[in-house]
$ cat run.pdb   # PDB, C-alpha atoms
ATOM      1  CA  MET G   1       2.095  12.612   9.110
ATOM      2  CA  PRO G   2       3.840  15.781  10.311
ATOM      3  CA  PRO G   3       7.660  16.067  10.006
ATOM      4  CA  TYR G   4       8.259  15.918  13.770
ATOM      5  CA  ALA G   5       6.367  12.612  13.952
ATOM      6  CA  LYS G   6       8.267  11.091  11.035
ATOM      7  CA  LYS G   7      11.597  12.091  12.524
ATOM      8  CA  ARG G   8      10.670  10.697  15.927
ATOM      9  CA  GLU G   9       9.379   7.418  14.509
ATOM     10  CA  GLU G  10      12.262   6.873  12.096
ATOM     11  CA  GLY G  11      14.627   7.198  15.026
ATOM     12  CA  LYS G  12      13.292   3.892  16.342
ATOM     13  CA  LEU G  13      14.917   1.980  13.480
ATOM     14  CA  SER G  14      18.613   1.423  12.880
ATOM     15  CA  CYS G  15      20.402   3.118   9.991
ATOM     16  CA  ARG G  16      20.456  -0.091   7.953
ATOM     17  CA  GLU G  17      16.781  -0.729   8.644
ATOM     18  CA  ASN G  18      15.970   2.831   7.605
ATOM     19  CA  VAL G  19      17.713   2.284   4.262
ATOM     20  CA  PHE G  20      15.677  -0.864   3.649
ATOM     21  CA  VAL G  21      12.428   0.840   4.661
ATOM     22  CA  LYS G  22      13.071   3.842   2.414
ATOM     23  CA  CYS G  23      13.894   1.583  -0.553
ATOM     24  CA  PHE G  24      10.814  -0.508   0.161
ATOM     25  CA  TYR G  25       8.467   2.463   0.163
ATOM     26  CA  ARG G  26      10.230   3.993  -2.827
ATOM     27  CA  PHE G  27       9.679   0.757  -4.780
ATOM     28  CA  SER G  28       5.981   0.852  -3.873
ATOM     29  CA  LEU G  29       5.685   4.416  -5.172
ATOM     30  CA  VAL G  30       7.898   4.250  -8.261
ATOM     31  CA  SER G  31       6.569   0.916  -9.536
ATOM     32  CA  ALA G  32       3.000   2.213  -9.351
ATOM     33  CA  GLN G  33       4.019   5.458 -11.071
ATOM     34  CA  ILE G  34       5.753   3.631 -13.920
ATOM     35  CA  LEU G  35       2.783   1.359 -14.536
ATOM     36  CA  LEU G  36       0.473   4.373 -14.445
ATOM     37  CA  LEU G  37       2.527   6.014 -17.183
ATOM     38  CA  VAL G  38       2.420   2.804 -19.232
ATOM     39  CA  MET G  39      -1.352   2.552 -18.836
ATOM     40  CA  THR G  40      -1.795   6.209 -19.803
ATOM     41  CA  GLY G  41       0.423   5.715 -22.847
ATOM     42  CA  LEU G  42      -1.523   2.664 -24.034
ATOM     43  CA  ILE G  43      -4.831   4.476 -23.692
ATOM     44  CA  ALA G  44      -3.463   7.520 -25.532
ATOM     45  CA  ILE G  45      -2.172   5.353 -28.376
ATOM     46  CA  ASP G  46      -5.544   3.659 -28.684
ATOM     47  CA  VAL G  47      -7.333   7.017 -28.787
ATOM     48  CA  PHE G  48      -5.045   8.280 -31.566
ATOM     49  CA  ALA G  49      -5.411   5.018 -33.489
ATOM     50  CA  ARG G  50      -9.182   5.299 -33.402
ATOM     51  CA  ALA G  51      -9.023   8.943 -34.509
ATOM     52  CA  LEU G  52      -6.457   8.477 -37.300
ATOM     53  CA  ILE G  53      -7.163   5.068 -38.774
ATOM     54  CA  GLY G  54     -10.536   4.300 -37.271
ATOM     55  CA  ARG G  55      -9.337   1.118 -35.574
ATOM     56  CA  SER G  56      -8.493   0.133 -32.012
ATOM     57  CA  THR G  57      -5.181  -1.413 -31.018
ATOM     58  CA  MET G  58      -7.225  -4.280 -29.502
ATOM     59  CA  ILE G  59      -4.965  -4.469 -26.449
ATOM     60  CA  SER G  60      -5.278  -1.180 -24.586
ATOM     61  CA  GLN G  61      -8.562  -1.965 -22.853
ATOM     62  CA  GLU G  62      -7.365  -5.359 -21.652
ATOM     63  CA  MET G  63      -3.966  -4.111 -20.528
ATOM     64  CA  ALA G  64      -5.446  -1.040 -18.843
ATOM     65  CA  GLY G  65      -7.588  -3.301 -16.678
ATOM     66  CA  TYR G  66      -4.623  -5.457 -15.695
ATOM     67  CA  LEU G  67      -2.414  -2.443 -15.028
ATOM     68  CA  LEU G  68      -5.080  -0.756 -12.915
ATOM     69  CA  VAL G  69      -5.082  -3.771 -10.574
ATOM     70  CA  ALA G  70      -1.277  -3.753 -10.414
ATOM     71  CA  ILE G  71      -1.115   0.004  -9.763
ATOM     72  CA  THR G  72      -3.685  -0.258  -6.978
ATOM     73  CA  PHE G  73      -1.966  -3.065  -5.095
ATOM     74  CA  LEU G  74       1.621  -1.900  -5.601
ATOM     75  CA  GLY G  75       0.783   1.560  -4.278
ATOM     76  CA  LEU G  76      -0.934   0.391  -1.085
ATOM     77  CA  ALA G  77       2.241   0.285   1.026
ATOM     78  CA  HIS G  78       3.320   3.819   0.109
ATOM     79  CA  THR G  79      -0.209   5.078   0.674
ATOM     80  CA  LEU G  80      -0.147   3.615   4.184
ATOM     81  CA  ARG G  81       3.177   5.317   4.956
ATOM     82  CA  GLU G  82       1.749   8.663   3.891
ATOM     83  CA  GLY G  83      -1.414   8.132   5.955
ATOM     84  CA  ARG G  84      -3.621   8.512   2.869
ATOM     85  CA  HIS G  85      -5.921   5.536   3.276
ATOM     86  CA  ILE G  86      -9.562   6.395   3.942
ATOM     87  CA  THR G  87     -10.242   6.924   7.641
ATOM     88  CA  VAL G  88     -13.293   7.537   9.808
ATOM     89  CA  GLU G  89     -12.526   9.695  12.841
ATOM     90  CA  ILE G  90     -15.935  10.533  14.289
ATOM     91  CA  LEU G  91     -15.203   8.589  17.473
ATOM     92  CA  THR G  92     -11.401   8.440  17.562
ATOM     93  CA  SER G  93     -11.059  12.215  17.317
ATOM     94  CA  LYS G  94     -12.679  12.473  20.741
ATOM     95  CA  LEU G  95      -9.936  10.376  22.374
ATOM     96  CA  SER G  96      -6.723  11.765  23.823
ATOM     97  CA  PRO G  97      -3.657  11.644  21.513
ATOM     98  CA  HIS G  98      -2.127   8.850  23.576
ATOM     99  CA  ARG G  99      -5.304   6.769  23.513
ATOM    100  CA  GLN G 100      -5.457   7.297  19.763
ATOM    101  CA  ARG G 101      -1.950   5.844  19.444
ATOM    102  CA  GLN G 102      -2.934   2.860  21.571
ATOM    103  CA  LEU G 103      -5.998   2.257  19.408
ATOM    104  CA  GLU G 104      -3.863   2.585  16.272
ATOM    105  CA  ILE G 105      -1.649  -0.228  17.521
ATOM    106  CA  LEU G 106      -4.657  -2.468  18.086
ATOM    107  CA  VAL G 107      -6.061  -1.659  14.652
ATOM    108  CA  PHE G 108      -2.690  -2.293  13.009
ATOM    109  CA  LEU G 109      -2.479  -5.715  14.682
ATOM    110  CA  MET G 110      -5.908  -6.578  13.289
ATOM    111  CA  CYS G 111      -4.884  -5.308   9.844
ATOM    112  CA  ILE G 112      -1.738  -7.450   9.880
ATOM    113  CA  VAL G 113      -3.785 -10.564  10.628
ATOM    114  CA  PHE G 114      -6.235  -9.726   7.840
ATOM    115  CA  MET G 115      -3.500  -8.926   5.302
ATOM    116  CA  VAL G 116      -1.624 -12.166   6.072
ATOM    117  CA  TRP G 117      -4.854 -14.034   5.382
ATOM    118  CA  LEU G 118      -5.471 -12.044   2.177
ATOM    119  CA  THR G 119      -1.926 -12.640   0.929
ATOM    120  CA  TRP G 120      -2.228 -16.366   1.577
ATOM    121  CA  THR G 121      -5.661 -16.558  -0.052
ATOM    122  CA  THR G 122      -4.688 -14.637  -3.193
ATOM    123  CA  TRP G 123      -1.504 -16.668  -3.637
ATOM    124  CA  SER G 124      -3.512 -19.751  -4.605
ATOM    125  CA  PRO G 125      -4.993 -18.353  -7.877
ATOM    126  CA  PHE G 126      -1.533 -17.131  -8.888
ATOM    127  CA  ALA G 127       0.047 -20.525  -8.174
ATOM    128  CA  ASP G 128      -2.714 -22.370 -10.030
ATOM    129  CA  THR G 129      -2.521 -20.219 -13.169
ATOM    130  CA  PHE G 130       1.282 -20.409 -13.132
ATOM    131  CA  ALA G 131       1.200 -24.200 -12.890
ATOM    132  CA  THR G 132      -1.426 -24.635 -15.609
ATOM    133  CA  GLY G 133      -0.111 -21.910 -17.914
ATOM    134  CA  GLN G 134      -3.576 -20.399 -18.262
ATOM    135  CA  ARG G 135      -3.871 -17.493 -20.697
ATOM    136  CA  SER G 136      -6.568 -14.951 -21.440
ATOM    137  CA  VAL G 137      -9.023 -15.705 -24.259
ATOM    138  CA  THR G 138      -8.254 -12.381 -25.954
ATOM    139  CA  PRO G 139      -6.005 -11.896 -28.989
ATOM    140  CA  LEU G 140      -3.196 -10.823 -26.645
ATOM    141  CA  GLN G 141      -3.167 -14.236 -24.925
ATOM    142  CA  THR G 142      -1.879 -12.703 -21.675
ATOM    143  CA  PRO G 143      -0.431 -15.209 -19.163
ATOM    144  CA  MET G 144      -2.895 -14.944 -16.299
ATOM    145  CA  TRP G 145      -0.285 -15.707 -13.649
ATOM    146  CA  ALA G 146       1.403 -12.400 -14.485
ATOM    147  CA  VAL G 147      -1.888 -10.627 -13.785
ATOM    148  CA  TYR G 148      -2.724 -12.494 -10.577
ATOM    149  CA  PHE G 149       0.818 -12.069  -9.247
ATOM    150  CA  PHE G 150       0.325  -8.388  -8.400
ATOM    151  CA  VAL G 151      -2.488  -9.127  -5.933
ATOM    152  CA  PRO G 152      -0.503 -11.293  -3.460
ATOM    153  CA  LEU G 153       2.586  -9.147  -4.107
ATOM    154  CA  GLY G 154       0.796  -5.930  -3.198
ATOM    155  CA  SER G 155      -0.973  -7.598  -0.275
ATOM    156  CA  GLY G 156       2.330  -8.918   1.046
ATOM    157  CA  MET G 157       3.914  -5.493   0.684
ATOM    158  CA  LEU G 158       1.047  -3.908   2.603
ATOM    159  CA  THR G 159       1.442  -6.559   5.318
ATOM    160  CA  LEU G 160       5.120  -5.649   5.646
ATOM    161  CA  ALA G 161       4.228  -1.958   5.694
ATOM    162  CA  PHE G 162       1.795  -2.545   8.556
ATOM    163  CA  VAL G 163       4.525  -4.383  10.482
ATOM    164  CA  ILE G 164       7.014  -1.559   9.904
ATOM    165  CA  GLU G 165       4.562   1.118  10.971
ATOM    166  CA  LEU G 166       3.457  -0.960  13.963
ATOM    167  CA  ILE G 167       7.063  -1.163  15.198
ATOM    168  CA  ARG G 168       7.370   2.594  14.794
ATOM    169  CA  LYS G 169       4.134   3.254  16.634
ATOM    170  CA  ILE G 170       5.066   0.987  19.534
ATOM    171  CA  GLY G 171       8.418   2.765  19.768
ATOM    172  CA  ASN G 172       6.633   6.104  19.621
ATOM    173  CA  LEU G 173       4.305   5.018  22.431
ATOM    174  CA  ARG G 174       7.342   4.396  24.628
ATOM    175  CA  ALA G 175       9.070   7.607  23.561
ATOM    176  CA  PRO G 176      10.433  10.071  26.145
ATOM    177  CA  GLY G 177       7.546  11.890  27.741
ATOM    178  CA  SER G 178       5.427   8.759  27.982
ATOM    179  CA  THR G 179       5.988   7.458  31.492
ATOM    180  CA  ASP G 180       2.764   5.457  31.703
ATOM    181  CA  LEU G 181      -0.122   4.322  29.566
ATOM    182  CA  GLY G 182      -2.155   7.366  30.462
ATOM    183  CA  SER G 183       0.371  10.013  29.482
ATOM    184  CA  LYS G 184       0.262  12.031  26.267
ATOM    185  CA  PRO G 185       3.645  12.054  24.501
ATOM    186  CA  GLY G 186       4.072  14.754  21.905
ATOM    187  CA  PRO G 187       1.534  17.037  20.252
ATOM    188  CA  SER G 188      -1.622  15.625  18.727
ATOM    189  CA  PRO G 189      -1.448  14.782  15.001
ATOM    190  CA  LYS G 190      -3.678  16.709  12.656
ATOM    191  CA  PRO G 191      -6.914  15.059  11.526
ATOM    192  CA  GLY G 192      -6.174  12.469   8.840
ATOM    193  CA  GLU G 193      -2.467  12.239   9.692
ATOM    194  CA  GLY G 194      -1.055   9.169  11.333
ATOM    195  CA  TRP G 195      -4.222   7.110  10.835
ATOM    196  CA  GLY G 196      -3.112   5.174   7.771
ATOM    197  CA  VAL G 197      -5.689   2.430   8.203
TER     198      VAL G 197
END
$ encode --input "run.pdb" --output "structure tokens"
Amino acid sequence: MPPYAKKREEGKLSCRENVFVKCFYRFSLVSAQILLLVMTGLIAIDVFARALIGRSTMISQEMAGYLLVAITFLGLAHTLREGRHITVEILTSKLSPHRQRQLEILVFLMCIVFMVWLTWTTWSPFADTFATGQRSVTPLQTPMWAVYFFVPLGSGMLTLAFVIELIRKIGNLRAPGSTDLGSKPGPSPKPGEGWGV
């Protein structure tokens, strides 16, 4: 998303709301980065262990799989904010900028409904494994609730991110220069920017 668009959209939120939103997206980014470093470190240690003593640490492969899931879901919200989710623009690129914004709002509403359902659905396995105390059958005996927790957490964060961006887009649709639904407020975003769906 270009700087002028970010500045215009952020102006639709109060100062306190902006602080919360910035902290929220920063948590999404930093938490994923930290876990990525941990995963990389575990894999590196296992590689050196195999090279030096000819034995695996027996935990890196298992933990890398768990961490990969956590990294993926925790980073979804930040990825949405940056407009880096995969998009298909064969048809939408032919619409006017204002019609694109209107379609974005519709798509975001559909995404919110889907993500609420996904968050609710993925909460059940987490709750079940937490209640039963289920652990993995590996030597590490990892509590499975700690693994499942990242899926509803990341899904819930992405749901909130969709809501935040939807509010911004609705405010942007009503920005000065947009006197009716057929007007075209502001310059057109570059391909791939602003379509974080």
$ residues_near_point --input "run.pdb" --point "(-9.9, -4.6, -30.4)" --cutoff "10 Å" --atoms "only C-alpha atoms" --output "PyMOL selection string"
chain G and resi 46+55-62+138-140
$ closest_residue --input "run.pdb" --among "G:Val151, G:Val19, G:Ala131, G:Leu29" --to "Leu80 of chain G" --atoms "all atoms listed in the file"
G:Leu29
$ residues_around --input "run.pdb" --residues "Ser124 of chain G" --least-positions-apart "3" --cutoff "12 Å" --atoms "only C-alpha atoms" --output "ChimeraX atom specification"
/G:117-121,127-131,145,148-149,151-152
$ atom_distance --input "run.pdb" --atom1 "atom CA of Thr92 of chain G" --atom2 "atom CA of Glu104 of chain G"
9.6 Å
$ closest_residue --input "run.pdb" --among "G:Ile167, G:Leu109, G:Val88, G:Leu153" --to "Trp123 of chain G" --atoms "all atoms listed in the file"
G:Leu153
$ resolve_selection --input "run.pdb" --expression "the PyMOL selection byres ((chain G and resi 161) around 9)" --output "PyMOL selection string"
chain G and resi 21+24-25+76-78+80-81+156-160+162-166
$ write_last_selection --input "run.pdb" --atoms "C-alpha atoms" --output "short mmCIF file (atom, residue, chain, number, x, y, z; two decimals), in the frame of the given file"
data_model
loop_
_atom_site.label_atom_id
_atom_site.label_comp_id
_atom_site.auth_asym_id
_atom_site.auth_seq_id
_atom_site.Cartn_x
_atom_site.Cartn_y
_atom_site.Cartn_z
CA VAL G 21 12.43 0.84 4.66
CA PHE G 24 10.81 -0.51 0.16
CA TYR G 25 8.47 2.46 0.16
CA LEU G 76 -0.93 0.39 -1.08
CA ALA G 77 2.24 0.28 1.03
CA HIS G 78 3.32 3.82 0.11
CA LEU G 80 -0.15 3.62 4.18
CA ARG G 81 3.18 5.32 4.96
CA GLY G 156 2.33 -8.92 1.05
CA MET G 157 3.91 -5.49 0.68
CA LEU G 158 1.05 -3.91 2.60
CA THR G 159 1.44 -6.56 5.32
CA LEU G 160 5.12 -5.65 5.65
CA PHE G 162 1.80 -2.54 8.56
CA VAL G 163 4.53 -4.38 10.48
CA ILE G 164 7.01 -1.56 9.90
CA GLU G 165 4.56 1.12 10.97
CA LEU G 166 3.46 -0.96 13.96
#
$ atom_distance --input "run.pdb" --atom1 "atom CA of Leu52 of chain G" --atom2 "atom CA of Thr142 of chain G"
26.7 Å
$ residues_around --input "run.pdb" --residues "Gln102 of chain G" --least-positions-apart "3" --cutoff "9 Å" --atoms "all atoms listed in the file" --output "list in words"
Pro97, His98, Arg99, Ile105, Leu106, Val107, Lys169, Ile170, Leu173 and Leu181 of chain G
$ atom_distance --input "run.pdb" --atom1 "atom CA of Val47 of chain G" --atom2 "atom CA of Met63 of chain G"
14.3 Å
$ decode --input "run.pdb" --residues "segment 125-148 of chain G" --atoms "N, CA and C atoms" --output "short mmCIF file (atom, residue, chain, number, x, y, z; two decimals), in the first residue's frame"
data_model
loop_
_atom_site.label_atom_id
_atom_site.label_comp_id
_atom_site.auth_asym_id
_atom_site.auth_seq_id
_atom_site.Cartn_x
_atom_site.Cartn_y
_atom_site.Cartn_z
N PRO G 125 -10.46 -28.19 18.83
CA PRO G 125 -9.32 -29.10 19.08
C PRO G 125 -8.40 -28.59 20.18
N PHE G 126 -8.19 -27.28 20.24
CA PHE G 126 -7.35 -26.72 21.30
C PHE G 126 -7.99 -26.97 22.67
N ALA G 127 -9.29 -26.70 22.78
CA ALA G 127 -9.98 -26.88 24.06
C ALA G 127 -9.98 -28.35 24.49
N ASP G 128 -10.16 -29.24 23.52
CA ASP G 128 -10.19 -30.67 23.84
C ASP G 128 -8.84 -31.16 24.34
N THR G 129 -7.77 -30.79 23.63
CA THR G 129 -6.43 -31.25 24.04
C THR G 129 -6.00 -30.60 25.35
N PHE G 130 -6.46 -29.39 25.61
CA PHE G 130 -6.14 -28.73 26.88
C PHE G 130 -6.85 -29.44 28.03
N ALA G 131 -8.10 -29.82 27.80
CA ALA G 131 -8.88 -30.47 28.85
C ALA G 131 -8.38 -31.88 29.15
N THR G 132 -7.95 -32.58 28.11
CA THR G 132 -7.50 -33.97 28.29
C THR G 132 -6.02 -34.09 28.60
N GLY G 133 -5.26 -33.00 28.38
CA GLY G 133 -3.83 -33.05 28.64
C GLY G 133 -3.08 -33.91 27.65
N GLN G 134 -3.58 -34.02 26.45
CA GLN G 134 -2.96 -34.87 25.43
C GLN G 134 -1.56 -34.38 25.08
N ARG G 135 -0.65 -35.34 24.93
CA ARG G 135 0.74 -35.02 24.56
C ARG G 135 1.14 -35.81 23.32
N SER G 136 2.19 -35.34 22.67
CA SER G 136 2.68 -36.05 21.48
C SER G 136 3.31 -37.37 21.90
N VAL G 137 3.39 -38.31 20.96
CA VAL G 137 3.94 -39.64 21.27
C VAL G 137 5.44 -39.69 21.01
N THR G 138 6.06 -38.54 20.87
CA THR G 138 7.50 -38.46 20.64
C THR G 138 8.24 -38.34 21.97
N PRO G 139 9.55 -38.50 21.96
CA PRO G 139 10.31 -38.37 23.21
C PRO G 139 10.14 -37.01 23.90
N LEU G 140 9.81 -35.98 23.13
CA LEU G 140 9.65 -34.65 23.70
C LEU G 140 8.37 -34.52 24.51
N GLN G 141 7.38 -35.35 24.22
CA GLN G 141 6.10 -35.32 24.95
C GLN G 141 5.51 -33.91 24.98
N THR G 142 5.42 -33.28 23.82
CA THR G 142 4.91 -31.91 23.71
C THR G 142 3.42 -31.84 24.03
N PRO G 143 3.00 -30.93 24.92
CA PRO G 143 1.56 -30.74 25.15
C PRO G 143 0.89 -30.26 23.86
N MET G 144 -0.06 -31.01 23.37
CA MET G 144 -0.64 -30.70 22.07
C MET G 144 -1.49 -29.43 22.09
N TRP G 145 -1.99 -29.06 23.27
CA TRP G 145 -2.78 -27.82 23.32
C TRP G 145 -1.92 -26.62 22.96
N ALA G 146 -0.64 -26.66 23.33
CA ALA G 146 0.26 -25.55 23.02
C ALA G 146 0.49 -25.43 21.52
N VAL G 147 0.39 -26.55 20.82
CA VAL G 147 0.56 -26.55 19.37
C VAL G 147 -0.71 -26.05 18.69
N TYR G 148 -1.85 -26.61 19.12
CA TYR G 148 -3.14 -26.24 18.52
C TYR G 148 -3.53 -24.79 18.81
#
